[in-house]
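Shown here: query_21.txt, compact mmCIF, C-alpha atoms.
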# COMPACT_ATOMS: atom_id res chain seq x y z
CA MET P 1 21.27 47.22 0.02
CA ASN P 2 22.31 46.82 3.64
CA MET P 3 22.68 43.46 5.41
CA VAL P 4 19.34 43.67 7.21
CA THR P 5 17.39 44.14 3.96
CA PHE P 6 19.41 41.40 2.28
CA PHE P 7 18.67 39.03 5.17
CA ILE P 8 14.90 39.77 5.08
CA VAL P 9 14.68 39.30 1.30
CA GLY P 10 16.62 36.06 1.51
CA LEU P 11 14.38 34.77 4.31
CA ILE P 12 11.22 35.59 2.32
CA VAL P 13 12.56 33.79 -0.76
CA HIS P 14 13.39 30.67 1.27
CA VAL P 15 9.96 30.68 2.92
CA VAL P 16 8.23 30.96 -0.47
CA PHE P 17 10.29 28.07 -1.84
CA PHE P 18 9.58 25.98 1.22
CA VAL P 19 5.81 26.60 1.09
CA SER P 20 5.72 25.92 -2.65
CA ILE P 21 6.98 22.37 -2.04
CA PHE P 22 3.94 21.58 0.09
CA ASP P 23 1.59 23.39 -2.29
CA ILE P 24 2.85 21.42 -5.32
CA TYR P 25 3.73 17.99 -3.96
CA PHE P 26 1.61 17.64 -0.81
CA THR P 27 -1.79 18.47 -2.27
CA SER P 28 -4.37 15.69 -2.35
CA PRO P 29 -4.78 14.11 -5.81
CA LEU P 30 -8.43 13.27 -5.09
CA VAL P 31 -11.05 15.19 -7.06
CA HIS P 32 -14.43 15.83 -5.46
CA GLY P 33 -17.73 16.93 -6.93
CA MET P 34 -17.72 14.52 -9.87
CA ALA P 35 -21.01 12.98 -11.02
CA PRO P 36 -21.36 9.29 -10.06
CA GLN P 37 -21.12 6.88 -12.97
CA LYS P 38 -22.96 3.56 -13.30
CA VAL P 39 -21.72 0.47 -15.09
CA PRO P 40 -24.44 -1.00 -17.34
CA LEU P 41 -23.04 -4.52 -17.05
CA PRO P 42 -24.36 -6.90 -14.38
CA PRO P 43 -21.97 -7.65 -11.48
CA PRO P 44 -19.91 -10.84 -11.86
CA ALA P 45 -21.05 -12.03 -8.42
CA LYS P 46 -23.57 -11.15 -5.72
CA ARG P 47 -21.03 -11.27 -2.93
CA LEU P 48 -17.32 -10.75 -2.53
CA VAL P 49 -15.19 -12.17 0.26
CA LEU P 50 -11.89 -10.32 0.51
CA PHE P 51 -8.96 -11.82 2.42
CA VAL P 52 -6.05 -9.51 3.18
CA ALA P 53 -2.96 -11.27 4.53
CA ASP P 54 -0.92 -8.33 5.75
CA GLY P 55 2.76 -8.88 4.96
CA LEU P 56 2.16 -11.72 2.49
CA ARG P 57 4.61 -11.11 -0.33
CA ALA P 58 3.88 -12.31 -3.86
CA ASP P 59 7.01 -14.43 -4.02
CA THR P 60 5.53 -16.61 -1.25
CA LEU P 61 3.23 -18.09 -3.88
CA PHE P 62 5.96 -18.56 -6.48
CA LYS P 63 9.09 -19.75 -4.73
CA PRO P 64 9.27 -23.27 -3.25
CA ASP P 65 10.83 -23.86 0.15
CA VAL P 66 14.11 -25.69 0.79
CA ASN P 67 12.36 -29.02 0.19
CA GLY P 68 10.91 -27.91 -3.12
CA THR P 69 7.37 -27.63 -1.73
CA ILE P 70 5.10 -24.74 -2.69
CA SER P 71 4.09 -22.79 0.42
CA ALA P 72 0.45 -22.29 -0.60
CA PRO P 73 -0.48 -25.10 -3.01
CA TYR P 74 -4.23 -24.44 -2.94
CA ILE P 75 -3.94 -20.75 -3.79
CA ARG P 76 -1.30 -21.62 -6.38
CA SER P 77 -3.67 -24.13 -8.03
CA ILE P 78 -6.46 -21.53 -8.14
CA MET P 79 -4.11 -19.09 -9.82
CA GLU P 80 -2.97 -21.61 -12.42
CA GLU P 81 -6.26 -23.37 -13.19
CA LYS P 82 -9.30 -21.29 -12.24
CA GLY P 83 -8.81 -17.71 -11.13
CA SER P 84 -7.40 -14.50 -12.53
CA TRP P 85 -4.47 -13.00 -10.71
CA GLY P 86 -1.94 -10.22 -10.80
CA VAL P 87 0.95 -8.79 -8.82
CA SER P 88 0.56 -5.37 -7.22
CA HIS P 89 3.43 -2.95 -6.75
CA THR P 90 3.78 -1.02 -3.54
CA ARG P 91 4.35 2.68 -3.08
CA VAL P 92 5.88 4.42 -0.09
CA PRO P 93 5.10 4.38 2.72
CA THR P 94 4.75 0.59 2.72
CA GLU P 95 2.41 0.40 5.69
CA SER P 96 -0.84 -1.46 6.21
CA ARG P 97 -3.20 1.51 5.95
CA PRO P 98 -1.97 2.85 2.57
CA GLY P 99 -1.95 -0.68 1.18
CA HIS P 100 -5.57 -1.29 2.17
CA VAL P 101 -6.62 2.06 0.69
CA ALA P 102 -4.97 1.11 -2.61
CA LEU P 103 -6.75 -2.26 -2.66
CA ILE P 104 -10.21 -1.08 -1.66
CA ALA P 105 -10.37 2.54 -2.83
CA GLY P 106 -8.16 2.30 -5.92
CA PHE P 107 -5.58 5.03 -5.35
CA TYR P 108 -2.11 5.22 -3.88
CA GLU P 109 -1.28 7.00 -0.65
CA ASP P 110 -2.63 10.51 -0.43
CA VAL P 111 0.46 12.64 0.17
CA SER P 112 -1.58 15.06 2.27
CA ALA P 113 -1.79 12.26 4.87
CA VAL P 114 1.73 13.23 5.97
CA ALA P 115 0.02 15.88 8.10
CA LYS P 116 -1.66 13.01 10.00
CA GLY P 117 1.54 11.02 10.40
CA TRP P 118 0.40 8.51 7.74
CA LYS P 119 -2.20 7.24 10.23
CA GLU P 120 -5.35 8.67 8.65
CA ASN P 121 -6.49 10.00 5.30
CA PRO P 122 -7.46 13.65 5.85
CA VAL P 123 -9.56 13.78 2.67
CA GLU P 124 -12.78 11.79 2.29
CA PHE P 125 -12.72 9.19 -0.46
CA ASP P 126 -15.00 6.65 -2.08
CA SER P 127 -14.39 2.89 -1.89
CA VAL P 128 -15.82 -0.48 -2.87
CA PHE P 129 -17.26 -0.73 0.63
CA ASN P 130 -19.22 2.47 0.20
CA GLU P 131 -20.66 1.29 -3.13
CA SER P 132 -21.78 -2.10 -1.77
CA SER P 133 -25.24 -2.63 -0.32
CA HIS P 134 -23.74 -3.94 2.92
CA THR P 135 -20.22 -4.58 4.16
CA TRP P 136 -19.18 -6.56 7.19
CA SER P 137 -15.54 -6.26 8.17
CA TRP P 138 -13.29 -7.55 10.93
CA GLY P 139 -9.73 -6.54 11.64
CA SER P 140 -7.39 -3.83 12.82
CA PRO P 141 -8.59 -0.72 14.69
CA ASP P 142 -5.99 1.25 12.71
CA ILE P 143 -7.63 0.46 9.37
CA LEU P 144 -11.34 -0.34 9.57
CA PRO P 145 -12.63 2.97 11.02
CA MET P 146 -11.47 5.05 8.06
CA PHE P 147 -13.64 3.06 5.64
CA SER P 148 -16.78 3.40 7.74
CA LYS P 149 -16.03 7.06 8.49
CA GLY P 150 -16.53 8.23 4.91
CA ALA P 151 -19.30 5.79 3.99
CA SER P 152 -22.67 7.21 3.05
CA GLY P 153 -25.52 5.72 5.06
CA ASP P 154 -25.32 3.02 7.69
CA HIS P 155 -24.25 -0.05 5.73
CA VAL P 156 -20.55 -0.53 6.56
CA TYR P 157 -20.23 -2.54 9.77
CA THR P 158 -16.81 -2.72 11.39
CA HIS P 159 -15.63 -5.02 14.17
CA THR P 160 -12.13 -4.50 15.52
CA TYR P 161 -10.00 -6.14 18.14
CA SER P 162 -8.45 -4.06 20.89
CA ALA P 163 -5.44 -1.92 20.03
CA GLU P 164 -3.68 -3.42 23.06
CA ASP P 165 -3.87 -6.85 21.41
CA GLN P 166 -1.60 -5.73 18.59
CA ASP P 167 1.84 -6.94 19.58
CA PHE P 168 4.11 -6.63 16.57
CA ALA P 169 7.00 -8.13 18.53
CA SER P 170 5.07 -11.31 19.29
CA THR P 171 6.41 -14.60 17.94
CA ASP P 172 2.84 -15.88 17.45
CA ALA P 173 1.10 -13.55 15.03
CA SER P 174 -1.84 -15.91 14.54
CA LYS P 175 -3.64 -14.64 17.65
CA LEU P 176 -5.31 -11.81 15.78
CA ASP P 177 -6.07 -14.12 12.86
CA MET P 178 -7.88 -16.44 15.24
CA TRP P 179 -9.95 -13.54 16.55
CA VAL P 180 -10.98 -12.54 13.01
CA PHE P 181 -11.76 -16.08 11.90
CA ASP P 182 -13.79 -16.82 15.03
CA LYS P 183 -15.92 -13.72 14.44
CA VAL P 184 -16.52 -14.57 10.79
CA LYS P 185 -17.29 -18.18 11.62
CA GLY P 186 -19.79 -16.99 14.21
CA LEU P 187 -21.57 -14.92 11.55
CA MET P 188 -21.70 -17.87 9.18
CA GLU P 189 -23.14 -20.10 11.88
CA LEU P 190 -26.10 -17.76 12.35
CA GLY P 191 -27.55 -19.26 9.21
CA THR P 192 -29.10 -15.97 8.12
CA PRO P 193 -28.98 -15.36 4.36
CA LEU P 194 -26.90 -12.27 3.58
CA ARG P 195 -28.02 -9.69 1.09
CA PRO P 196 -25.61 -8.84 -1.74
CA SER P 197 -22.64 -7.68 0.23
CA LEU P 198 -18.94 -7.61 0.70
CA LEU P 199 -17.11 -9.39 3.50
CA TRP P 200 -13.67 -8.02 4.33
CA TRP P 201 -11.39 -10.38 6.15
CA PRO P 202 -8.02 -8.80 6.93
CA GLY P 203 -5.40 -10.53 9.02
CA GLY P 204 -2.26 -12.60 8.89
CA GLN P 205 1.42 -11.92 8.66
CA GLY P 206 2.57 -14.65 6.29
CA SER P 207 1.42 -17.69 4.37
CA ARG P 208 2.31 -20.27 7.06
CA LEU P 209 0.28 -18.55 9.75
CA LEU P 210 -2.54 -17.96 7.29
CA ARG P 211 -2.69 -21.67 6.42
CA GLU P 212 -2.60 -22.70 10.07
CA SER P 213 -5.33 -20.26 11.04
CA LEU P 214 -7.62 -21.31 8.20
CA HIS P 215 -7.14 -24.96 9.07
CA ARG P 216 -7.77 -24.53 12.80
CA THR P 217 -10.79 -22.27 12.50
CA LEU P 218 -12.56 -23.18 9.26
CA LYS P 219 -11.00 -26.58 8.54
CA ILE P 220 -9.70 -25.27 5.24
CA ASN P 221 -6.48 -26.70 3.87
CA ILE P 222 -4.45 -24.47 1.59

Can you give me the file's structure in the form of structure tokens?
Amino acid sequence: MNMVTFFIVGLIVHVVFFVSIFDIYFTSPLVHGMAPQKVPLPPPAKRLVLFVADGLRADTLFKPDVNGTISAPYIRSIMEEKGSWGVSHTRVPTESRPGHVALIAGFYEDVSAVAKGWKENPVEFDSVFNESSHTWSWGSPDILPMFSKGASGDHVYTHTYSAEDQDFASTDASKLDMWVFDKVKGLMELGTPLRPSLLWWPGGQGSRLLRESLHRTLKINI
């Protein structure tokens, strides 16, 4: 075997190995074509209001500050006395979009999204929003559109702030929270009864800013 043939064979083998990595590990885990299943039990509530405080770590609710004060006493009291709670574990990449997909659609990051630079899910998927009768959502233009994009029918309503308003280097991250809370408050003030629905309320970059925003906009102390 001369050097040219050896080089060509070696190149083909390396190409096959390289392509096999993407074929095995970068194939979407989502399965399509399955028959929809219905739960015979009645829903626990007619409506769900979902708050997503982006960047709010679980230890914020457990560890006291330097003065021994719990950062979020109201949420902590709900956890201990009334509500059910759990701690989620992240998967790479630890970005906002994959985290929201895990919360709302129930699966970890689709590895095939690497082809989109982790900015969009290239495969359509089902979510809680799609299964609700109506969903109103306010938040980031990087996240909301992907949930309305794959929704069947016209029942997922998205309202996003401008992409130019997202300044991750800003020292005051509550600006976007204020925008979200003002929009939600405006909907509540309409006084129109909502049909069974889901309200999605993403925002925030920490418990302190979340508390301040809730207090300023909705007069809620947590």

Practice item. Name the residues in contact with Pro29 in chain P at a cut-off of 8 Å, using all atoms listed in the file, excluding same-chain residues fewer than 2 positions from it; report them as a PyMOL selection string. Key: chain P and resi 27+31+110

Practice item. For CA of Ser28 in chain P and CA of Phe147 in chain P, quote the distance in Å rounded to one decimal. Key: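 Taking CA of Ser28 in chain P and CA of Phe147 in chain P, their separation equals 17.6 Å.
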
Study note, to complete from the structure: Taken to one decimal, the CA of Thr135 in chain P-CA of Tyr157 in chain P distance is 6.0 Å

Review point. Nearest to Ser140 in chain P: which of P:Thr69, P:Ser127, P:Ser20, P:Gln166 is it, counting only C-alpha atoms?
Key: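 Of the candidates, the smallest distance to Ser140 in chain P is held by P:Gln166.
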
Revision key, fill the gap. Here CA of Leu187 in chain P and CA of Lys46 in chain P stand apart by 17.8 Å

Revision key, fill the gap. Restricting to only C-alpha atoms, whichever of P:Ile78, P:Ala45, P:Leu30, P:Ala169 is closest to Gly106 in chain P is P:Leu30
